[in-house]
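The block underneath contains the structure these notes are about, expressed in structure tokens.
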Amino acid sequence: MHLGWMSFALLFTILVEYGMLLLLGEKRRKVLLSSIFVNILTNIPLNLYMLHVDGGWMAFVVGELLVVLVEALWYFAFVRNVFQSLVYSALCNATSCLFGLLVQLIWRMAI
């Protein structure tokens, strides 16, 4: 994974998760903008981790679960509701993860 692909993955994740927050009805500018920042903090390390750890699906799942935990804690600092923080983090990450896997599948089928 090179810098171009990692940049694409980060931008894609930010857009998908921001959109998901909007679909979930989030209107607070502070929460929406903070989602951009937290994705920068979590997406880059996750992709570097996946690049350097040859752990297959288990490493991927562990990495994603850690991201969900970190982002849930992040959202809690803004929304002050444990359930809402977990929902935001879990749904945003599940959506971006599934869309990301779909994009990778389509890309590999095209080349």
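Residues in the structure tokens are numbered from 1 in each chain, the chains being A, B, ... in the order shown, and ligands are numbered from 1 in the order shown.
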Extract, using only C-alpha atoms, all DNA, RNA and protein residues at most 12 Å from Leu51 in chain A, discarding same-chain residues fewer than 5 positions from it, and format them as a compact mmCIF listing (two decimals) with all heavy atoms, in the first residue's frame.
# COMPACT_ATOMS: atom_id res chain seq x y z
N MET A 1 0.87 -1.17 0.00
CA MET A 1 0.00 0.00 0.00
C MET A 1 0.91 1.23 0.00
O MET A 1 1.72 1.40 0.88
CB MET A 1 -0.89 -0.02 1.24
CG MET A 1 -1.84 1.15 1.31
SD MET A 1 -2.86 1.21 2.80
CE MET A 1 -3.75 -0.30 2.73
N HIS A 2 0.78 2.04 -0.98
CA HIS A 2 1.63 3.22 -1.04
C HIS A 2 0.84 4.46 -0.60
O HIS A 2 -0.34 4.39 -0.28
CB HIS A 2 2.24 3.40 -2.42
CG HIS A 2 1.23 3.50 -3.53
ND1 HIS A 2 0.15 4.36 -3.49
CD2 HIS A 2 1.15 2.85 -4.70
CE1 HIS A 2 -0.54 4.25 -4.59
NE2 HIS A 2 0.03 3.33 -5.34
N LEU A 3 1.54 5.59 -0.63
CA LEU A 3 0.96 6.83 -0.11
C LEU A 3 -0.33 7.22 -0.83
O LEU A 3 -1.28 7.68 -0.20
CB LEU A 3 1.99 7.96 -0.22
CG LEU A 3 1.62 9.29 0.39
CD1 LEU A 3 1.31 9.13 1.88
CD2 LEU A 3 2.74 10.29 0.19
N TRP A 5 -2.59 5.23 -2.25
CA TRP A 5 -3.69 4.36 -1.82
C TRP A 5 -4.11 4.70 -0.39
O TRP A 5 -5.29 4.73 -0.08
CB TRP A 5 -3.30 2.90 -1.94
CG TRP A 5 -4.42 1.97 -1.59
CD1 TRP A 5 -4.53 1.21 -0.46
CD2 TRP A 5 -5.62 1.75 -2.33
NE1 TRP A 5 -5.71 0.53 -0.47
CE2 TRP A 5 -6.41 0.83 -1.60
CE3 TRP A 5 -6.10 2.23 -3.55
CZ2 TRP A 5 -7.65 0.39 -2.05
CZ3 TRP A 5 -7.34 1.78 -3.99
CH2 TRP A 5 -8.09 0.87 -3.24
N MET A 6 -3.14 4.98 0.47
CA MET A 6 -3.47 5.34 1.86
C MET A 6 -4.22 6.67 1.91
O MET A 6 -5.15 6.83 2.69
CB MET A 6 -2.21 5.40 2.71
CG MET A 6 -1.70 4.02 3.08
SD MET A 6 -0.28 4.03 4.18
CE MET A 6 -0.94 4.81 5.62
N ILE A 44 -4.92 6.28 9.54
CA ILE A 44 -3.51 6.17 9.14
C ILE A 44 -2.80 5.07 9.93
O ILE A 44 -2.18 4.17 9.33
CB ILE A 44 -2.80 7.53 9.25
CG1 ILE A 44 -3.40 8.50 8.22
CG2 ILE A 44 -1.29 7.38 9.04
CD1 ILE A 44 -2.97 9.94 8.38
N PRO A 45 -2.90 5.07 11.28
CA PRO A 45 -2.25 3.97 12.01
C PRO A 45 -2.82 2.59 11.65
O PRO A 45 -2.06 1.61 11.56
CB PRO A 45 -2.53 4.29 13.48
CG PRO A 45 -2.75 5.76 13.50
CD PRO A 45 -3.41 6.09 12.19
N LEU A 46 -4.13 2.50 11.43
CA LEU A 46 -4.72 1.21 11.06
C LEU A 46 -4.14 0.72 9.74
O LEU A 46 -3.77 -0.45 9.61
CB LEU A 46 -6.24 1.29 10.97
CG LEU A 46 -6.94 0.02 10.50
CD1 LEU A 46 -6.71 -1.12 11.49
CD2 LEU A 46 -8.42 0.25 10.28
N GLY A 56 -3.49 -11.42 8.56
CA GLY A 56 -4.71 -11.80 7.86
C GLY A 56 -5.95 -11.17 8.47
O GLY A 56 -5.93 -10.06 9.00
N ALA A 59 -5.94 -10.01 12.30
CA ALA A 59 -5.29 -8.71 12.52
C ALA A 59 -6.21 -7.59 12.07
O ALA A 59 -6.31 -6.55 12.72
CB ALA A 59 -3.97 -8.64 11.77
N PHE A 60 -6.89 -7.81 10.98
CA PHE A 60 -7.84 -6.82 10.46
C PHE A 60 -8.97 -6.57 11.45
O PHE A 60 -9.31 -5.43 11.77
CB PHE A 60 -8.39 -7.30 9.11
CG PHE A 60 -9.44 -6.41 8.52
CD1 PHE A 60 -9.09 -5.18 7.99
CD2 PHE A 60 -10.76 -6.81 8.49
CE1 PHE A 60 -10.07 -4.36 7.43
CE2 PHE A 60 -11.74 -6.01 7.95
CZ PHE A 60 -11.39 -4.77 7.42
N GLY A 63 -7.67 -4.80 14.58
CA GLY A 63 -7.42 -3.40 14.25
C GLY A 63 -8.70 -2.60 14.18
O GLY A 63 -8.80 -1.49 14.72
* Polymer residues at most 12 Å from Asn39 in chain A, only C-alpha atoms, same-chain spacing of 6 or more positions, as number ranges by chain -> A: 7, 9-18, 32-33, 45-47, 67-68, 70-72, 74-75, 89, 92-93, 96
* Structure fact -> One residue among A:Phe76, A:Met58, A:Phe8, A:Val87 is nearest to Val103 in chain A when using only C-alpha atoms, and that residue is A:Phe8
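Proximity of A:Val53, A:Leu48, A:Leu91, A:Ile40 to Leu22 in chain A, computed with only C-alpha atoms, is greatest for A:Leu91.
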* Asked: Between A:Leu65, A:Val79, A:Leu101, A:Met109, which is the closest to Lys27 in chain A once you count only C-alpha atoms?
  -> A:Val79
